[in-house]
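**Student:** Sending over final_25.cif (mmCIF, C-alpha atoms and all ligand atoms).
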```
data_input
loop_
_atom_site.label_atom_id
_atom_site.label_comp_id
_atom_site.auth_asym_id
_atom_site.auth_seq_id
_atom_site.Cartn_x
_atom_site.Cartn_y
_atom_site.Cartn_z
CA MET G 255 -56.61 -50.89 40.90
CA LYS G 256 -54.07 -51.11 43.75
CA PRO G 257 -54.00 -47.81 45.66
CA ILE G 258 -50.77 -45.80 45.83
CA ARG G 259 -49.59 -45.94 49.44
CA THR G 260 -48.20 -42.72 50.75
CA ALA G 261 -46.57 -41.36 53.93
CA ILE G 262 -46.52 -37.89 55.47
CA PHE G 263 -43.37 -36.61 57.24
CA GLY G 264 -44.15 -33.80 59.71
CA THR G 265 -47.32 -33.28 61.69
CA GLY G 266 -47.60 -29.49 61.95
CA PHE G 267 -49.53 -27.02 59.81
CA MET G 268 -48.56 -28.63 56.49
CA GLY G 269 -48.65 -32.21 57.77
CA ARG G 270 -52.37 -31.89 58.44
CA VAL G 271 -53.11 -29.91 55.26
CA HIS G 272 -51.33 -32.55 53.15
CA LEU G 273 -53.00 -35.44 54.92
CA GLU G 274 -56.46 -33.93 54.43
CA ALA G 275 -55.75 -33.20 50.75
CA VAL G 276 -54.35 -36.68 50.12
CA ARG G 277 -57.62 -38.07 51.40
CA ARG G 278 -59.39 -36.18 48.62
CA VAL G 279 -57.42 -37.88 45.85
CA GLU G 280 -58.80 -41.08 44.35
CA SER G 281 -56.67 -44.25 44.53
CA VAL G 282 -54.25 -42.91 47.15
CA GLU G 283 -54.05 -44.39 50.63
CA ALA G 284 -52.43 -42.45 53.48
CA ALA G 285 -50.57 -45.34 55.12
CA ALA G 286 -47.98 -43.80 57.47
CA ILE G 287 -47.03 -40.67 59.37
CA ALA G 288 -43.56 -39.82 60.69
CA GLY G 289 -43.29 -37.08 63.30
CA ARG G 290 -40.55 -36.11 65.72
CA ASN G 291 -43.19 -35.56 68.37
CA VAL G 292 -44.81 -38.96 68.76
CA GLU G 293 -47.85 -37.62 70.63
CA ALA G 294 -48.63 -35.14 67.85
CA ALA G 295 -48.12 -37.84 65.23
CA ARG G 296 -50.40 -40.21 67.09
CA ARG G 297 -53.10 -37.54 67.54
CA LEU G 298 -53.06 -36.72 63.85
CA GLY G 299 -52.85 -40.36 62.76
CA GLU G 300 -55.64 -41.63 65.01
CA GLY G 301 -58.11 -39.09 63.67
CA PHE G 302 -57.48 -40.37 60.17
CA SER G 303 -57.05 -44.07 61.07
CA ILE G 304 -53.48 -44.15 59.76
CA PRO G 305 -52.07 -47.62 60.44
CA THR G 306 -48.36 -46.72 60.89
CA ILE G 307 -47.01 -43.98 63.17
CA ALA G 308 -43.22 -43.58 63.31
CA THR G 309 -40.86 -41.21 65.07
CA ASP G 310 -38.03 -41.88 62.62
CA TYR G 311 -38.86 -41.29 58.96
CA ARG G 312 -36.17 -43.78 57.94
CA ASP G 313 -38.31 -46.60 59.35
CA VAL G 314 -41.06 -45.57 56.92
CA LEU G 315 -38.62 -45.41 54.01
CA ARG G 316 -37.53 -48.99 54.71
CA ASP G 317 -41.11 -50.19 54.15
CA PRO G 318 -41.36 -51.50 50.56
CA ALA G 319 -45.14 -51.06 50.65
CA ILE G 320 -44.78 -47.26 50.76
CA ASP G 321 -44.74 -45.82 47.25
CA ALA G 322 -44.54 -42.07 47.90
CA VAL G 323 -43.76 -39.57 50.65
CA HIS G 324 -44.75 -35.99 51.44
CA ILE G 325 -42.09 -33.91 53.19
CA CYS G 326 -43.79 -31.36 55.46
CA THR G 327 -41.00 -30.61 57.93
CA PRO G 328 -38.87 -27.49 58.50
CA ASN G 329 -36.78 -26.47 55.48
CA ALA G 330 -33.41 -27.79 56.66
CA GLN G 331 -34.95 -31.28 56.90
CA HIS G 332 -36.03 -31.27 53.26
CA PHE G 333 -32.66 -32.14 51.77
CA PRO G 334 -31.77 -35.14 53.98
CA MET G 335 -35.34 -36.47 53.88
CA ALA G 336 -35.80 -36.03 50.12
CA LYS G 337 -32.38 -37.53 49.43
CA ALA G 338 -33.08 -40.57 51.61
CA ALA G 339 -36.55 -40.99 50.08
CA LEU G 340 -35.19 -40.83 46.52
CA GLN G 341 -32.45 -43.31 47.41
CA ALA G 342 -35.16 -45.61 48.75
CA GLY G 343 -36.89 -45.38 45.36
CA LYS G 344 -39.95 -43.46 46.59
CA HIS G 345 -41.81 -40.80 44.64
CA VAL G 346 -41.32 -37.54 46.54
CA LEU G 347 -43.54 -34.54 47.05
CA CYS G 348 -41.57 -31.95 49.01
CA GLU G 349 -42.77 -28.73 50.56
CA LYS G 350 -41.12 -25.53 49.43
CA PRO G 351 -38.39 -24.42 49.54
CA LEU G 352 -36.92 -27.58 48.03
CA ALA G 353 -33.77 -27.22 50.14
CA THR G 354 -31.76 -24.45 51.79
CA THR G 355 -28.99 -24.05 49.18
CA VAL G 356 -28.68 -24.21 45.41
CA GLU G 357 -26.11 -27.04 45.71
CA GLU G 358 -28.53 -29.21 47.68
CA GLY G 359 -31.28 -28.46 45.17
CA GLU G 360 -29.03 -29.47 42.26
CA GLU G 361 -28.17 -32.74 43.96
CA LEU G 362 -31.85 -33.56 44.49
CA VAL G 363 -32.77 -32.71 40.89
CA SER G 364 -30.10 -35.01 39.45
CA LEU G 365 -30.78 -37.79 41.96
CA ALA G 366 -34.50 -37.72 41.11
CA VAL G 367 -33.66 -38.03 37.41
CA ARG G 368 -31.27 -40.93 38.09
CA GLN G 369 -33.83 -42.75 40.21
CA GLY G 370 -36.57 -42.22 37.61
CA VAL G 371 -39.20 -41.32 40.20
CA ARG G 372 -41.83 -38.60 40.21
CA ASN G 373 -40.85 -35.47 42.10
CA CYS G 374 -42.85 -32.42 43.00
CA VAL G 375 -42.18 -29.24 44.97
CA CYS G 376 -45.30 -27.81 46.54
CA HIS G 377 -45.80 -24.46 44.82
CA ASN G 378 -49.50 -25.09 45.20
CA LEU G 379 -50.51 -21.42 44.91
CA ARG G 380 -50.27 -21.76 41.13
CA TYR G 381 -53.43 -23.80 41.24
CA TYR G 382 -56.09 -21.34 42.25
CA PRO G 383 -58.53 -21.31 39.31
CA MET G 384 -58.09 -17.56 38.80
CA VAL G 385 -54.31 -17.88 38.73
CA GLN G 386 -54.70 -20.42 35.94
CA GLN G 387 -57.08 -18.01 34.21
CA MET G 388 -54.39 -15.28 34.40
CA ARG G 389 -51.87 -17.73 32.96
CA ARG G 390 -54.11 -18.56 30.01
CA LEU G 391 -54.91 -14.88 29.41
CA CYS G 392 -51.17 -14.14 29.20
CA GLU G 393 -50.54 -17.16 27.00
CA GLY G 394 -53.45 -16.31 24.66
CA GLY G 395 -52.18 -12.77 24.11
CA ASP G 396 -55.21 -11.11 25.78
CA LEU G 397 -52.85 -8.81 27.72
CA GLY G 398 -50.67 -8.04 24.71
CA GLU G 399 -46.99 -7.83 25.42
CA ILE G 400 -46.25 -7.87 29.14
CA LEU G 401 -44.61 -4.66 30.30
CA VAL G 402 -44.76 -4.71 34.10
CA VAL G 403 -45.22 -7.39 36.79
CA GLN G 404 -45.56 -6.21 40.36
CA GLY G 405 -46.94 -7.27 43.69
CA THR G 406 -46.39 -8.31 47.24
CA TYR G 407 -46.62 -11.24 49.57
CA SER G 408 -47.48 -9.75 52.95
CA GLN G 409 -48.21 -11.39 56.29
CA ASP G 410 -48.22 -10.10 59.88
CA TRP G 411 -47.61 -13.18 62.01
CA LEU G 412 -43.95 -12.29 62.79
CA LEU G 413 -44.58 -8.59 63.50
CA TYR G 414 -43.69 -8.61 67.21
CA ASP G 415 -40.36 -9.62 68.73
CA THR G 416 -42.37 -12.08 70.82
CA ASP G 417 -43.34 -13.94 67.63
CA TRP G 418 -41.14 -16.98 67.13
CA ASN G 419 -41.06 -19.90 64.76
CA TRP G 420 -38.35 -22.29 63.51
CA ARG G 421 -38.28 -20.19 60.29
CA VAL G 422 -36.57 -17.38 62.26
CA ASP G 423 -33.58 -19.64 62.93
CA ALA G 424 -31.33 -20.02 59.86
CA LYS G 425 -30.26 -23.49 61.07
CA ALA G 426 -33.83 -24.77 60.68
CA GLY G 427 -35.14 -22.52 57.95
CA GLY G 428 -32.09 -21.69 55.84
CA PRO G 429 -30.21 -18.44 55.23
CA SER G 430 -33.27 -16.62 53.86
CA ARG G 431 -36.58 -16.46 55.71
CA CYS G 432 -39.12 -14.13 54.15
CA MET G 433 -37.87 -14.44 50.57
CA ALA G 434 -37.52 -18.24 50.73
CA ASP G 435 -40.72 -18.79 52.69
CA ILE G 436 -43.16 -16.59 50.78
CA GLY G 437 -41.16 -14.65 48.16
CA SER G 438 -40.50 -18.01 46.46
CA HIS G 439 -44.25 -18.59 46.04
CA TRP G 440 -44.60 -15.13 44.48
CA PHE G 441 -41.75 -15.57 42.00
CA ASP G 442 -42.94 -19.07 41.13
CA MET G 443 -46.37 -17.65 40.34
CA ALA G 444 -45.00 -14.69 38.38
CA GLU G 445 -42.90 -16.97 36.16
CA HIS G 446 -45.60 -19.62 35.81
CA VAL G 447 -48.33 -17.14 34.87
CA THR G 448 -46.34 -14.95 32.48
CA GLY G 449 -44.15 -17.69 30.99
CA LEU G 450 -41.26 -15.21 31.37
CA ARG G 451 -38.14 -15.83 33.45
CA VAL G 452 -36.43 -13.45 35.84
CA ASN G 453 -32.93 -12.86 34.53
CA SER G 454 -31.54 -10.28 36.96
CA LEU G 455 -32.55 -8.61 40.18
CA CYS G 456 -31.63 -6.09 42.84
CA ALA G 457 -32.75 -6.83 46.39
CA ASP G 458 -32.86 -4.97 49.67
CA LEU G 459 -33.59 -7.13 52.73
CA GLN G 460 -34.29 -5.99 56.26
CA THR G 461 -34.34 -7.68 59.66
CA PHE G 462 -36.35 -5.29 61.85
CA HIS G 463 -35.93 -7.38 65.00
CA SER G 464 -32.24 -8.12 65.49
CA THR G 465 -33.27 -10.23 68.49
CA ARG G 466 -36.48 -12.12 69.23
CA LYS G 467 -37.87 -13.80 72.29
CA GLN G 468 -37.42 -17.48 71.62
CA PRO G 469 -39.73 -19.68 73.69
CA LYS G 470 -37.94 -22.26 75.80
CA HIS G 471 -40.48 -24.80 74.52
CA GLY G 472 -41.27 -25.19 70.81
CA VAL G 473 -44.23 -23.52 69.13
CA GLU G 474 -45.88 -24.60 65.91
CA THR G 475 -46.62 -22.36 62.96
CA PHE G 476 -49.30 -19.69 63.51
CA ALA G 477 -49.83 -20.92 67.10
CA ASN G 478 -49.89 -17.31 68.49
CA LYS G 479 -49.91 -18.32 72.18
CA PRO G 480 -49.11 -15.64 74.84
CA PHE G 481 -46.10 -16.21 77.17
CA GLY G 482 -44.10 -14.39 79.92
CA PRO G 483 -40.38 -13.45 80.43
CA GLU G 484 -39.65 -16.72 82.24
CA ASP G 485 -40.67 -18.60 79.09
CA TYR G 486 -38.16 -17.20 76.58
CA ILE G 487 -34.52 -16.61 75.69
CA GLU G 488 -33.52 -13.35 73.93
CA THR G 489 -32.06 -14.71 70.69
CA ALA G 490 -30.12 -13.00 67.87
CA VAL G 491 -31.85 -13.15 64.48
CA ASP G 492 -30.10 -13.12 61.12
CA THR G 493 -32.96 -13.96 58.76
CA GLU G 494 -34.93 -11.19 57.04
CA ASP G 495 -38.39 -9.94 58.05
CA PHE G 496 -38.84 -8.08 54.78
CA GLY G 497 -37.47 -7.95 51.25
CA ALA G 498 -37.94 -5.60 48.31
CA VAL G 499 -36.80 -6.81 44.90
CA LEU G 500 -36.55 -5.00 41.57
CA PHE G 501 -36.23 -7.43 38.69
CA ARG G 502 -36.00 -7.83 34.93
CA MET G 503 -37.87 -10.57 33.07
CA GLY G 504 -37.71 -11.79 29.49
CA THR G 505 -36.27 -9.24 27.08
CA HIS G 506 -37.73 -6.02 28.41
CA THR G 507 -40.37 -6.71 31.07
CA ARG G 508 -39.73 -4.93 34.36
CA GLY G 509 -41.04 -5.71 37.82
CA CYS G 510 -40.89 -5.26 41.55
CA VAL G 511 -42.15 -7.18 44.54
CA THR G 512 -42.06 -6.92 48.31
CA ALA G 513 -42.31 -9.84 50.72
CA SER G 514 -43.06 -9.10 54.36
CA GLN G 515 -43.87 -11.01 57.54
CA VAL G 516 -44.33 -7.81 59.57
CA SER G 517 -47.28 -6.06 57.82
CA ALA G 518 -50.02 -5.59 60.43
CA GLY G 519 -53.39 -6.75 59.18
CA ARG G 520 -52.12 -8.55 56.11
CA LYS G 521 -52.66 -12.21 56.90
CA ASN G 522 -51.62 -13.97 53.72
CA ARG G 523 -51.83 -11.41 50.96
CA LEU G 524 -50.13 -12.64 47.85
CA SER G 525 -51.07 -10.03 45.30
CA ILE G 526 -49.88 -9.93 41.73
CA GLU G 527 -50.53 -7.35 39.00
CA ILE G 528 -49.58 -7.88 35.38
CA TYR G 529 -49.71 -4.96 32.96
CA GLY G 530 -49.64 -5.58 29.22
CA THR G 531 -49.87 -3.45 26.11
CA ARG G 532 -53.59 -4.35 25.70
CA SER G 533 -54.95 -4.93 29.20
CA SER G 534 -54.01 -5.87 32.76
CA VAL G 535 -54.93 -8.39 35.43
CA ALA G 536 -54.65 -8.23 39.21
CA TRP G 537 -55.33 -10.98 41.74
CA ASP G 538 -55.20 -11.18 45.54
CA GLN G 539 -54.98 -14.49 47.41
CA GLU G 540 -57.24 -13.13 50.16
CA ARG G 541 -60.07 -12.79 47.56
CA PRO G 542 -59.20 -15.80 45.42
CA ASP G 543 -62.38 -16.13 43.37
CA GLU G 544 -62.07 -12.63 41.90
CA LEU G 545 -59.87 -11.43 39.07
CA TRP G 546 -59.60 -7.73 38.26
CA VAL G 547 -59.21 -7.05 34.56
CA GLY G 548 -58.09 -3.53 33.63
CA HIS G 549 -58.65 -1.72 30.32
CA ARG G 550 -57.50 1.61 29.00
CA ASP G 551 -60.50 2.43 26.77
CA THR G 552 -63.47 0.59 28.35
CA GLY G 553 -64.67 -0.08 31.88
CA ASN G 554 -62.63 -2.38 34.08
CA GLN G 555 -64.10 -5.75 35.07
CA ILE G 556 -64.25 -8.00 38.11
CA PHE G 557 -64.36 -11.52 36.76
CA VAL G 558 -65.88 -13.95 39.29
CA LYS G 559 -64.80 -17.59 39.17
CA ASP G 560 -67.18 -19.76 37.20
CA PRO G 561 -65.73 -22.80 35.41
CA SER G 562 -68.02 -22.32 32.43
CA LEU G 563 -66.51 -18.84 31.87
CA LEU G 564 -62.85 -19.77 32.38
CA LYS G 565 -60.48 -20.27 29.48
CA PRO G 566 -60.77 -23.98 28.50
CA ALA G 567 -57.21 -24.77 29.68
CA ALA G 568 -57.95 -23.26 33.12
CA ARG G 569 -61.22 -25.15 33.65
CA SER G 570 -59.80 -28.36 35.09
CA TYR G 571 -58.49 -26.35 38.08
CA ALA G 572 -62.03 -25.45 39.20
CA ASP G 573 -64.11 -28.34 40.51
CA LEU G 574 -67.09 -26.37 41.80
CA PRO G 575 -69.70 -24.31 39.94
CA GLY G 576 -69.73 -20.49 40.02
CA GLY G 577 -70.57 -18.97 43.39
CA HIS G 578 -68.99 -21.88 45.28
CA SER G 579 -65.63 -20.70 46.59
CA GLU G 580 -62.42 -22.61 45.97
CA GLY G 581 -59.51 -21.71 48.17
CA TYR G 582 -56.17 -22.59 49.69
CA ASP G 583 -56.98 -26.20 50.65
CA ASP G 584 -58.22 -26.91 47.14
CA THR G 585 -54.89 -25.93 45.57
CA PHE G 586 -53.22 -28.86 47.34
CA LYS G 587 -55.86 -31.23 45.99
CA GLN G 588 -55.13 -29.94 42.47
CA VAL G 589 -51.36 -30.52 42.85
CA PHE G 590 -51.70 -33.92 44.49
CA ARG G 591 -54.26 -35.16 41.97
CA ARG G 592 -51.83 -34.42 39.12
CA PHE G 593 -48.82 -35.79 40.99
CA TYR G 594 -50.51 -39.12 41.74
CA ALA G 595 -52.01 -39.38 38.25
CA SER G 596 -48.46 -39.13 36.88
CA ILE G 597 -47.29 -42.00 39.12
CA GLY G 598 -49.97 -44.22 37.62
CA ALA G 599 -49.07 -43.07 34.08
CA PRO G 600 -45.28 -43.16 33.65
CA ASP G 601 -45.41 -41.65 30.13
CA LYS G 602 -47.51 -38.66 31.16
CA ALA G 603 -45.77 -35.27 31.18
CA PRO G 604 -45.89 -33.79 34.69
CA GLU G 605 -48.48 -31.03 35.15
CA TYR G 606 -47.10 -29.79 38.45
CA PRO G 607 -43.99 -28.01 39.73
CA GLN G 608 -41.06 -30.40 39.90
CA PHE G 609 -37.78 -30.32 41.82
CA VAL G 610 -36.27 -28.39 38.94
CA ASP G 611 -38.82 -25.62 39.65
CA GLY G 612 -37.84 -25.73 43.33
CA LEU G 613 -34.21 -25.36 42.27
CA ARG G 614 -35.25 -22.36 40.18
CA GLN G 615 -36.62 -20.65 43.30
CA LEU G 616 -33.46 -21.48 45.24
CA ALA G 617 -31.48 -19.71 42.50
CA ILE G 618 -33.71 -16.61 42.73
CA VAL G 619 -33.48 -16.51 46.54
CA ASN G 620 -29.73 -17.01 46.35
CA ALA G 621 -29.44 -14.10 43.90
CA ALA G 622 -31.53 -11.92 46.25
CA LEU G 623 -29.20 -12.73 49.19
CA GLN G 624 -26.14 -12.00 47.06
CA SER G 625 -27.62 -8.76 45.70
CA HIS G 626 -28.43 -7.56 49.22
CA ARG G 627 -24.91 -8.38 50.43
CA THR G 628 -23.20 -6.65 47.50
CA ARG G 629 -25.73 -3.80 47.22
CA GLY G 630 -26.07 -4.28 43.48
CA TRP G 631 -27.76 -6.05 40.54
CA VAL G 632 -27.15 -9.80 40.22
CA ASP G 633 -27.80 -12.06 37.22
CA VAL G 634 -30.09 -15.03 37.83
CA PRO G 635 -28.88 -18.11 35.91
CA ALA G 636 -31.22 -19.34 33.15
CA PRO G 637 -33.40 -22.19 34.45
CA GLU G 638 -33.26 -25.83 33.52
CA SER G 639 -36.60 -26.69 31.93
CA GLY G 640 -39.46 -27.26 34.39
CA HIS G 641 -43.20 -26.91 34.17
N1 LIG A 701 -47.10 -24.67 50.36
C1 LIG A 701 -47.52 -23.88 51.32
O1 LIG A 701 -48.46 -23.10 51.11
C2 LIG A 701 -46.84 -23.91 52.67
C3 LIG A 701 -47.43 -23.27 53.78
C4 LIG A 701 -46.81 -23.38 55.02
C5 LIG A 701 -45.62 -24.09 55.14
N2 LIG A 701 -45.05 -24.65 54.04
C6 LIG A 701 -43.79 -25.42 54.17
O2 LIG A 701 -44.07 -26.63 54.88
C7 LIG A 701 -42.97 -26.99 55.71
C8 LIG A 701 -43.46 -27.20 57.14
O3 LIG A 701 -43.97 -25.97 57.62
P1 LIG A 701 -45.12 -25.91 58.72
O4 LIG A 701 -45.66 -24.54 58.65
O5 LIG A 701 -46.04 -27.06 58.57
O6 LIG A 701 -44.26 -26.09 60.05
P2 LIG A 701 -44.76 -26.60 61.48
O7 LIG A 701 -43.79 -26.07 62.46
O8 LIG A 701 -46.21 -26.32 61.67
O9 LIG A 701 -44.59 -28.17 61.37
C9 LIG A 701 -43.33 -28.79 61.17
C10 LIG A 701 -43.43 -30.21 61.65
O10 LIG A 701 -42.22 -30.91 61.35
C11 LIG A 701 -41.91 -31.72 62.47
N3 LIG A 701 -40.49 -32.10 62.40
C12 LIG A 701 -39.39 -31.33 62.56
N4 LIG A 701 -38.28 -32.08 62.40
C13 LIG A 701 -38.71 -33.34 62.11
C14 LIG A 701 -38.05 -34.57 61.86
N5 LIG A 701 -36.73 -34.67 61.85
N6 LIG A 701 -38.81 -35.68 61.59
C15 LIG A 701 -40.15 -35.60 61.57
N7 LIG A 701 -40.85 -34.46 61.84
C16 LIG A 701 -40.12 -33.36 62.11
C17 LIG A 701 -42.29 -30.88 63.66
O11 LIG A 701 -42.47 -31.67 64.81
C18 LIG A 701 -43.63 -30.31 63.17
O12 LIG A 701 -44.69 -31.21 63.39
C19 LIG A 701 -41.95 -25.86 55.56
O13 LIG A 701 -40.93 -26.25 54.69
C20 LIG A 701 -42.72 -24.70 54.97
O14 LIG A 701 -41.96 -23.87 54.12
C21 LIG A 701 -45.65 -24.58 52.83
#
```
Show me this structure written as structure tokens.
**Tutor:**
Amino acid sequence: MKPIRTAIFGTGFMGRVHLEAVRRVESVEAAAIAGRNVEAARRLGEGFSIPTIATDYRDVLRDPAIDAVHICTPNAQHFPMAKAALQAGKHVLCEKPLATTVEEGEELVSLAVRQGVRNCVCHNLRYYPMVQQMRRLCEGGDLGEILVVQGTYSQDWLLYDTDWNWRVDAKAGGPSRCMADIGSHWFDMAEHVTGLRVNSLCADLQTFHSTRKQPKHGVETFANKPFGPEDYIETAVDTEDFGAVLFRMGTHTRGCVTASQVSAGRKNRLSIEIYGTRSSVAWDQERPDELWVGHRDTGNQIFVKDPSLLKPAARSYADLPGGHSEGYDDTFKQVFRRFYASIGAPDKAPEYPQFVDGLRQLAIVNAALQSHRTRGWVDVPAPESGH
């Protein structure tokens, strides 16, 4: 069978993660890389023997041999790149957030439908095996009726005012930082796992550093390199370091979540707790193979990942036997495998988050920004159907 030829746009943290994960999917060939920094693109491409290295992604889009593209660039680039890729008839897998505004997201959703191509937004965190187990426990009624959903997504890599990244700058990252960057993953997971939808929320956002020391030369995500006063410009910041959101889901489920990029010691702690009328589950991304199951009348359990013990519908998300960890990198493989399988099977229903799910997160982030501005509760529009 002819391999699907794909291209990666962006050569930073995600560019490499995507490239490595693509290489783990059968019948896909990584054929091109586009990166603004040609040296970085060349370094990445050489290591993987990628035949085409481009500095302008539009050159890649003009190549009829390229079937699909991965967009792994800063958020503000997603909309123009995804739009151009859809117009060129490519299948598009875009990093989250899908765009920086709801209007852009809506345009991409309808353009993707018009073009009839596969589209995916990379809410990969859904695809830890234990997250799928939680989803199937909710779906199967094991938790009873869901009363409360709560949690956090906490990191510490932007704690100091010397920490800088393009995400801090609204022009590159969009009007929301913490909520769009990591809060969106949390809300996507909460809705995916419970099957419920957030219908209103009340948010309080905080920018602890009103200025940050912006390096005169660019830094890549999580680079953490030391620098002196001659190396930076004191720059005003208007994107949030932290957000706390109260929300209502379904008919009477209640919840709250915090998202933080300034929590010392918390590296990448997405934690979610779901409390039902029968039992509860809690999961922490920093210990991904473990699921806490809480009971009122018997002892609580720690369920350790083992495909043979997972709910049947969760099993295909675990490739390795019990005792063999599956982590962050593996979630990308799970998304990409399903995305590419759907390209080869046009009638197959997508089993991955689509642009419409990315638009959903833009609507939630937009409601959080509006709620913070107005200091009150805001309704979140009902979603278009996604997966
Ligand atoms: N799904 C996840 O778990 C996850 C994790 C981290 C980041 N992300 C998302 O991935 C995207 C990239 O984030 P990152 O952490 O990799 O950033 P990064 O700074 O490490 O890399 C961004 C790359 O984009 C390149 N770039 C910028 N403008 C470009 C252009 N016009 N053409 C080509 N390349 C360009 C930069 O040179 C850099 O190589 C963001 O949208 C972010 O939200 C997702």
**Student:** Each residue of chain G with at least one atom at most 7 Å from ligand LIG 701 (chain A) should appear once, together with its nearest atom pair and the corresponding distance in Å (one decimal); atoms considered: all atoms listed in the file; ordering: chain, then increasing residue number; output as CSV.
**Tutor:**
```
residue,atom,partner,partner_atom,distance
G:Phe263,CA,A:LIG701,C15,5.5
G:Gly264,CA,A:LIG701,O10,3.8
G:Thr265,CA,A:LIG701,O12,3.8
G:Gly266,CA,A:LIG701,O9,3.3
G:Phe267,CA,A:LIG701,O5,3.7
G:Met268,CA,A:LIG701,O5,3.6
G:Gly269,CA,A:LIG701,O5,5.8
G:Ala288,CA,A:LIG701,C15,5.5
G:Gly289,CA,A:LIG701,N7,3.9
G:Arg290,CA,A:LIG701,C15,4.2
G:Asn291,CA,A:LIG701,O11,5.3
G:Thr309,CA,A:LIG701,C15,6.7
G:Asp310,CA,A:LIG701,N6,6.3
G:Tyr311,CA,A:LIG701,N6,6.2
G:Cys326,CA,A:LIG701,C7,4.5
G:Thr327,CA,A:LIG701,O10,3.6
G:Pro328,CA,A:LIG701,O13,4.5
G:Asn329,CA,A:LIG701,O13,4.2
G:Gln331,CA,A:LIG701,N5,6.3
G:Glu349,CA,A:LIG701,O2,5.0
G:Lys350,CA,A:LIG701,O14,5.0
G:Pro351,CA,A:LIG701,O14,5.8
G:Cys376,CA,A:LIG701,N1,5.3
G:His377,CA,A:LIG701,N1,5.7
G:Asn378,CA,A:LIG701,N1,5.7
G:Leu379,CA,A:LIG701,O1,6.7
G:Trp420,CA,A:LIG701,O7,6.7
G:Asp435,CA,A:LIG701,O14,5.4
G:Glu474,CA,A:LIG701,O7,4.3
G:Thr475,CA,A:LIG701,O8,4.2
```
**Student:** Excluding region 625-635 of chain G and residues on its chain fewer than 4 positions from it, collect all residues at most 8 Å away from it, counting only C-alpha atoms, and give them as a PDB file with C-alpha atoms, in the coordinates of the input.
**Tutor:**
```
ATOM      1  CA  VAL G 452     -36.430 -13.450  35.840  1.00  0.00           C
ATOM      2  CA  ASN G 453     -32.930 -12.860  34.530  1.00  0.00           C
ATOM      3  CA  SER G 454     -31.540 -10.280  36.960  1.00  0.00           C
ATOM      4  CA  LEU G 455     -32.550  -8.610  40.180  1.00  0.00           C
ATOM      5  CA  CYS G 456     -31.630  -6.090  42.840  1.00  0.00           C
ATOM      6  CA  ALA G 457     -32.750  -6.830  46.390  1.00  0.00           C
ATOM      7  CA  ASP G 458     -32.860  -4.970  49.670  1.00  0.00           C
ATOM      8  CA  LEU G 459     -33.590  -7.130  52.730  1.00  0.00           C
ATOM      9  CA  ALA G 617     -31.480 -19.710  42.500  1.00  0.00           C
ATOM     10  CA  ILE G 618     -33.710 -16.610  42.730  1.00  0.00           C
ATOM     11  CA  ALA G 621     -29.440 -14.100  43.900  1.00  0.00           C
TER      12      ALA G 621
END
```
**Student:** Which distance in Å separates CA of Ala498 (chain G) and CA of Lys425 (chain G), to one decimal?
**Tutor:**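 CA of Ala498 (chain G) sits 23.3 Å away from CA of Lys425 (chain G).
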**Student:** Near Ala424 (chain G), within 12 Å and counting all atoms listed in the file, which residues show up once chain neighbours fewer than 2 positions away are dropped, as a list in words?
**Tutor:**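 Everything that qualifies: Pro328, Asn329, Ala330, Thr354, Thr355, Asn419, Trp420, Arg421, Val422, Ala426, Gly427, Gly428, Pro429, Ser430, Arg431, Cys432, Ala434, Asp435, Ala490, Val491, Asp492, Thr493 and Glu494 of chain G.
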**Student:** Would you pick out the contacts of Cys392 (chain G) at 9 Å or less, using all atoms listed in the file, so that residues sharing its chain but fewer than 4 positions from it are not included, and give the list as a PyMOL selection string?
**Tutor:** chain G and resi 387-388+396-400+447-449+528+530
**Student:** Counting all atoms listed in the file, which of G:Trp411, G:Phe609, G:Trp440, G:Phe586 gets nearest to Glu527 (chain G)?
**Tutor:**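 Closest to Glu527 (chain G) of all the choices is G:Trp440.
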**Student:** Tell me which of G:Ala636, G:Leu347, G:Leu564, G:Ala308 sits closest to Val371 (chain G), counting all atoms listed in the file.
**Tutor:** G:Leu347
**Student:** What's the 9 Å shell around region 312-322 of chain G, counting all atoms listed in the file, without same-chain residues fewer than 5 positions away, as a list in words?
**Tutor:**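 What passes the distance filter is Ile258, Arg259, Thr260, Ala261, Ile262, Ala285, Ala286, Ile287, Ala288, Thr306, Ile307, Met335, Ala338, Ala339, Ala342, Gly343, Lys344, His345, Val346, Leu347 and Arg372 of chain G.
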